[in-house]
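Step one of this worksheet: look at the structure below.
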Amino acid sequence: MIRYLSATCLFLCLNGTLTAQITTETEPKEKEDSLSPNEAVFITSLDELDNNGGDQNTSGLLQSSRDVFASAAGFNFSAARFRIRGYNSDQTAILINGVPMNDPESGWGEWFMWGGLNDVTRYSETKNWLTSNQYHFGGIGGYSNINMRATNIRAGHRLSYAMTNRAYRHRLMYTYGTGMQSNGWAFAISVSARYAQEGYIDGTFYEAFSYYLAAEKKINDNQSLSFSVIGAPTRQGRQNISIQEAYDLSGDIYYNSNWGYQTLADGTRIKRNSRVQTTHMPIAILTHDWKISSNAKLTTSGYVTFGKSGQTALNWNDDKDPRPDYYKYLPSYYENIGDSVNADVMYSNWQSEASRQVDWDQLYFANSKNIHTVKDVNGVAGNDLEGLRAKYIVENLWNNQISGGFGSTYNRKMNKLNLSMGVYAQMQQNHYFKTVEDLLGADYWLDVDQFAEQAFVDPNAAQNDLQTPNRVVYKGDIFGYNYNIVNIKSELFAQAEYSTEKFDFYGALELSNKMFWREGLYQTGRFPDNSLGKSETHNFFNYAVKGGAVYKLSGRQFITVNAAYLTQAPSSRNAYLSPRTRDFVAGNLKNETIYTGDVNYIVRYPKLRMRLTYYYTERKDAILLRSFYHDDYNALVNYMMEGVDYLDHGIEFGIDANVIGGFSVNAVAAYGQHLYNSRPTATISVDNSAEVLATDRVIYLTNYKIGGMPQSAYSLGVKYTGKKYWFAGANFNYYADIYLDPNPDRRTEEALEGYVDTDPQVNEVLDQTKLDNGYSVSMFAGKSFKISNYFLNVNVNISNLTNNQSFVTGGFEQLRYDTQNIGKFPPKLGYMYGLNYFVMATLRF
C-alpha cells in the first residue's frame with residue numbers, strides 16, 4: 001500500500017514529491033498474495049496512460065504525485081493545455097538512471113522516445129519545481145528520474161488491454177520481470193502495441209509498437225551492472241487546426257484539412273493523410289551501481305540513442321496551393337474584395353466533403369499532364385531529360401539524430417549532512433534534410449527553388465545545391481536542404497543537505513558549458529559562401545545556484561522557502577536565422593538569465609493534506625524564433641526576436657481531506673500572471689532570399705499575456721473508496737483568462753503607420769485575442785479482484801463527461817496579417833475534445 005513517508009524522508013518530499021509507484025497496484029511486496037484496500041489506484045491522466053505527448057510541456061507530468069496540487073493539476077487541467085507555473089518541459093530535467101536525457105538541441109523532454117512503456121516509466125522518481133536533487137542540479141520545474149534497471153520491474157507477469165477513443169483505439173501491453181535470481185541475474189521485458197484505423201479526429205490514424213529489454217548482473221554485494229534498450233517506433237496521421245470560418249463552413253469544429261480521398265486503380269476510394277509522422281529513436285543505456293560503503297555510493301551510466309523522426313507534407317511548384325483551407329479558397333477572401341460571385345462559388349465548394357479536403361486525384365491529374373524537358377541534368381552539358389515533371393509531391397521532412405552521453409553521481413551521508421556531486425556530458429548531431437516520399441504519378445522532381453527562379457537574374461541562385469545543378473530527384477532522394485546541427489554539453493554539480501530538529505537546508509551549484517555549430521551539406525545558390533561546410537562554433541559558459549530551507553512548525557506542518565539564480569545557453573534551434581539555407585545567427589547571441597523562488601505552507605495529516613504556495617520567476621534575454629509560410633515569397637518567413645523577457649508569478653493552493661469513512665474531497669486553485677516583460681527587437685528574413693525584410697524592429701510586448709494556456713485554473717473533486725477494493729470519483733474543472741499568443745509584428749510602430757489614435761483599427765491591431773473561459777467534468781472508477789494467485793484491476797476514466805464542445809483551448813494569431821484588414825488572416829483555433837474515455841483491464845500473476 002502507499003505509505004506515509006517517514007520523518008527522515010520529509011525533506012525530500014516537502015518541496016517536491018518523491019514518487020516510486022503510484023499508478024498501479026500497490027500492495028506490500030512482502031505479501032505477494034495479499035490484496036490491500038488501497039490496491040485499486042485510479043489512472044490519473046491519459047498523458048500518464050500514454051506519455052507520448054505532442055506538446056511535451058510540463059502539464060503532461062510523467063507521474064502523478066502525492067503533492068495534492070501537482071496530482072490534480074497534472075490530470076484535471078491537461079485538457080485545457082494548462083502549464084504549471086507557465087513552464088515548458090525544457091525547464092524540467094528528464095533523467096534515465098541518473099543521466100540527463102533532455103534534447104541538447106532544444107532542451108525539451110522527448111517523451112515520445114519511450115511512449116507506451118507505462119509499466120516501465122511509472123516507477124520514476126519525480127520532484128516538482130525547486131528542490132534538492134541527489135542525481136542532478138535539475139531544472140526550475142523539477143526533475144523526473146526513470147529507473148530502467150531490470151530489478152525495478154516487479155517479478156511476475158503483467159498483461160493489460162485498454163480501449164479508448166482518443167489518438168488510438170486499442171492498446172495491448174505485456175510486461176515480465178524475473179526479479180533478482182539466485183544466480184545473480186535479473187531480466188525484464190515489456191512490449192506494447194497501440195492502434196487506431198482512425199482516431200478521434202477524421203483522417204488521423206495511429207500505429208505504434210514499444211519495447212523494453214533489460215538485464216542486470218549482481219557482481220557482488222556492493223556492485224551491479226545493468227543494460228537496457230528501449231524504443232517506440234510510431235507512425236501517426238496528424239491533425240491540424242483551422243480558422244473559425246473553416247469550422248463553420250464544414251459544420252465540424254474538429255475539421256482536419258490534412259486528409260482527402262484518393263481513388264485507387266481498382267476504383268476504391270480511401271482516406272489519405274498528407275501529414276504523417278514517423279519516429280523511432282531507440283535508447284541503449286549501461287549503468288554501474290557501486291555501494292562503496294554503508295554511507296557512500298557511486299552510480300555511473302552511459303547511453304547512446306539514434307534514429308529518425310520525419311513528417312510528410314505537400315510540396316508544389318508552378319501550380320495552385322493544394323491546401324483546402326488556404327485563405328484564397330474561403331468565401332471571406334472574396335467578400336473582403338467585393339467579389340460576391342466567387343464568394344458564392346467558394347461557399348458552394350465547401351458544402352461538398354470532397355472539395356473541402358485534399359483533392360489527391362487532382363494532384364495526380366496535374367502531374368500526368370506536365371511533360372517537361374530538363375536541360376543539363378546534374379550540371380552535365382547535353383544530359384537532357386524529358387518526362388513528367390512533378391507539380392505536386394509528398395515530401396518527408398526529417399530530423400534524424402545520433403546522441404551519446406554519460407553521467408556519474410556520487411552520494412555520501414555523514415550524520416546530518418548529505419553530499420551529492422556529479423559530472424555529465426552529452427553530444428548530439430541532428431541531421432536535417434527532406435526526401436521525396438511520393439511523386440504522385442510523376443517521373444521526377446527538379447531540385448530548384450521556384451521563387452529564386454523568378455526573383456534572381458543569376459540562374460545559379462535557384463539551385464538548392466550548386467555542387468549538382470539542375471538535379472533531378474526521385475522517390476527516396478534527398479533534396480531541398482541538407483545540414484547538421486551539432487551540440488556538445490558538459491556539466492558539473494555539487495549539493496549539500498543538512499538537517500536539524502527544527503530546520504532542513506540544502507544548497508547546490510552547477511557549472512556547465514555548451515557549444516554548437518552548423519555543418520552544411522549543400523551549397524545553396526542564394527548563399528554560396530555561408531551554406532556549405534562547418535560554421536563558426538558558438539560557445540557558452542553557464543552557472544547556476546539554488547538553495548532552500550524547511551522550518552518544521554510541527555511534525556505535520558511546515559514552511560519551506562526555495563530560490564535559484566541561473567544562466568542558460570541559447571537553444572541552437574532558436575539561434576540560427578534560417579538554418580535550412582545559411583549559417584547566420586542572432587546578432588546578439590548570449591546567455592539567458594533566470595531567477596526564481598517560492599514560499600510554501602504545507603500540511604500533512606493522515607486525513608488532511610494541503611499546500612499553499614506563492615512563486616515568482618523572471619527569465620531574461622531569451623531568443624524566440626517563429627516561421628510561417630508566405631505565398632508571396634513561396635517560402636518560409638523567419639521572425640527572430642531577441643531580448644525576450646518572461647514573468648511568471650502566482651498562487652497555488654491544493655487541499656485533500658478525508659471527510660468521513662471512504663469519502664474525501666479535494667480542491668485545487670492556480671491563479672497566475674504569465675506575461676511578456678520586455679520590448680524585444682526583431683529581425684525578419686526569408687528562407688530563399690538574401691533580402692532582410694526588417695532589422696532591429698522594436699516589439700512592444702510588455703504586459704501581453706503568454707498564450708496557449710489558461711492563466712488560472714480551478715478544480716473541485718470528490719472520491720469514495722470502498723472497503724471491497726473499489727473506488728469512484730468526479731471532478732469539476734474551470735479554466736480562466738485564456739489568450740492566444742500575440743503576433744509580435746502587430747505590436748510595432750510600423751503596424752500603426754497610417755492610423756491616428758482615434759481610429760477604431762488601432763485597438764483591433766493592438767488588442768490581444770482573449771478566449772472564453774471554459775469548464776470540463778471528469779469521472780473515474782475502478783475495482784480490484786483477487787482470484788487465487790491472480791490480481792485483476794479494472795479502471796475507467798471518462799473526460800469531458802458533459803460533452804462540452806464549445807470550449808476553445810488554444811490556437812495562435814497568424815503571423816501574417818494585413819494592416820488594412822486585420823480580419824483577413826484570423827487566428828487559428830483548437831477545440832477541446834468532446835466526451836472521451838479510457839477503459840483498461842490489467843491482469844497480474
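Please note that chains go A, B, ... in the order of the C-alpha cells, that every chain numbers its residues from 1, and that ligands are numbered from 1 in the order shown.
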
Excluding same-chain residues fewer than 4 positions from Phe663 of chain A, what lies within 6 Å of it counting only C-alpha atoms, as a PyMOL selection string? chain A and resi 659+719-720

Using only C-alpha atoms, which protein or nucleic acid residues come within 9 Å of Gly672 of chain A? Drop anything in the same chain fewer than 5 positions from it, and give the result as a VMD selection string. chain A and resid 85 to 86 648 to 652 710 to 713

When you look at segment 509-511 of chain A with a cut-off of 7 Å (counting only C-alpha atoms), what residues show up, excluding the ones that are within fewer than 5 positions of it in the same chain? I need them as a PyMOL selection string. chain A and resi 137+491-495+542-546

With only C-alpha atoms as the atoms that count, which of A:Val599, A:Leu624, A:Met281, A:Ala246 lies nearest to Pro233 of chain A? A:Met281

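Closest approach to Ser132 of chain A from the set A:Phe812, A:Tyr646, A:Tyr498, A:Trp259 is made by A:Tyr498, with distances taken over only C-alpha atoms.
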
If you measure from atom CA of Thr809 of chain A to atom CA of Leu716 of chain A, what distance in Å do you get, rounded to one decimal?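 Value for the atom CA of Thr809 of chain A-atom CA of Leu716 of chain A distance: 19.6 Å.
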
Can you list, as an NGL selection string, every protein, DNA or RNA residue that comes within 12 Å of Thr681 of chain A when you count only C-alpha atoms, leaving out same-chain residues fewer than 5 positions away? :A and (586-588 or 621-625 or 639-645 or 694-701 or 744-745 or 747-748)

Give me, as number ranges by chain, all polymer residues having an atom no more than 6 Å from Arg171 of chain A, counting only C-alpha atoms and skipping those fewer than 4 positions away in the same chain. A: 161-162, 193-194

Using only C-alpha atoms, which residue out of A:Lys723, A:Lys217, A:Arg816, A:Lys828 lies closest to Leu771 of chain A? A:Lys828

Shell of 9 Å around Asp438 of chain A, only C-alpha atoms, local chain residues under 4 positions omitted, as a list in words: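 Result of the neighbour search: Ile393, Val394, Glu395, Ala442, Tyr474, Lys475 and Gly476 of chain A.
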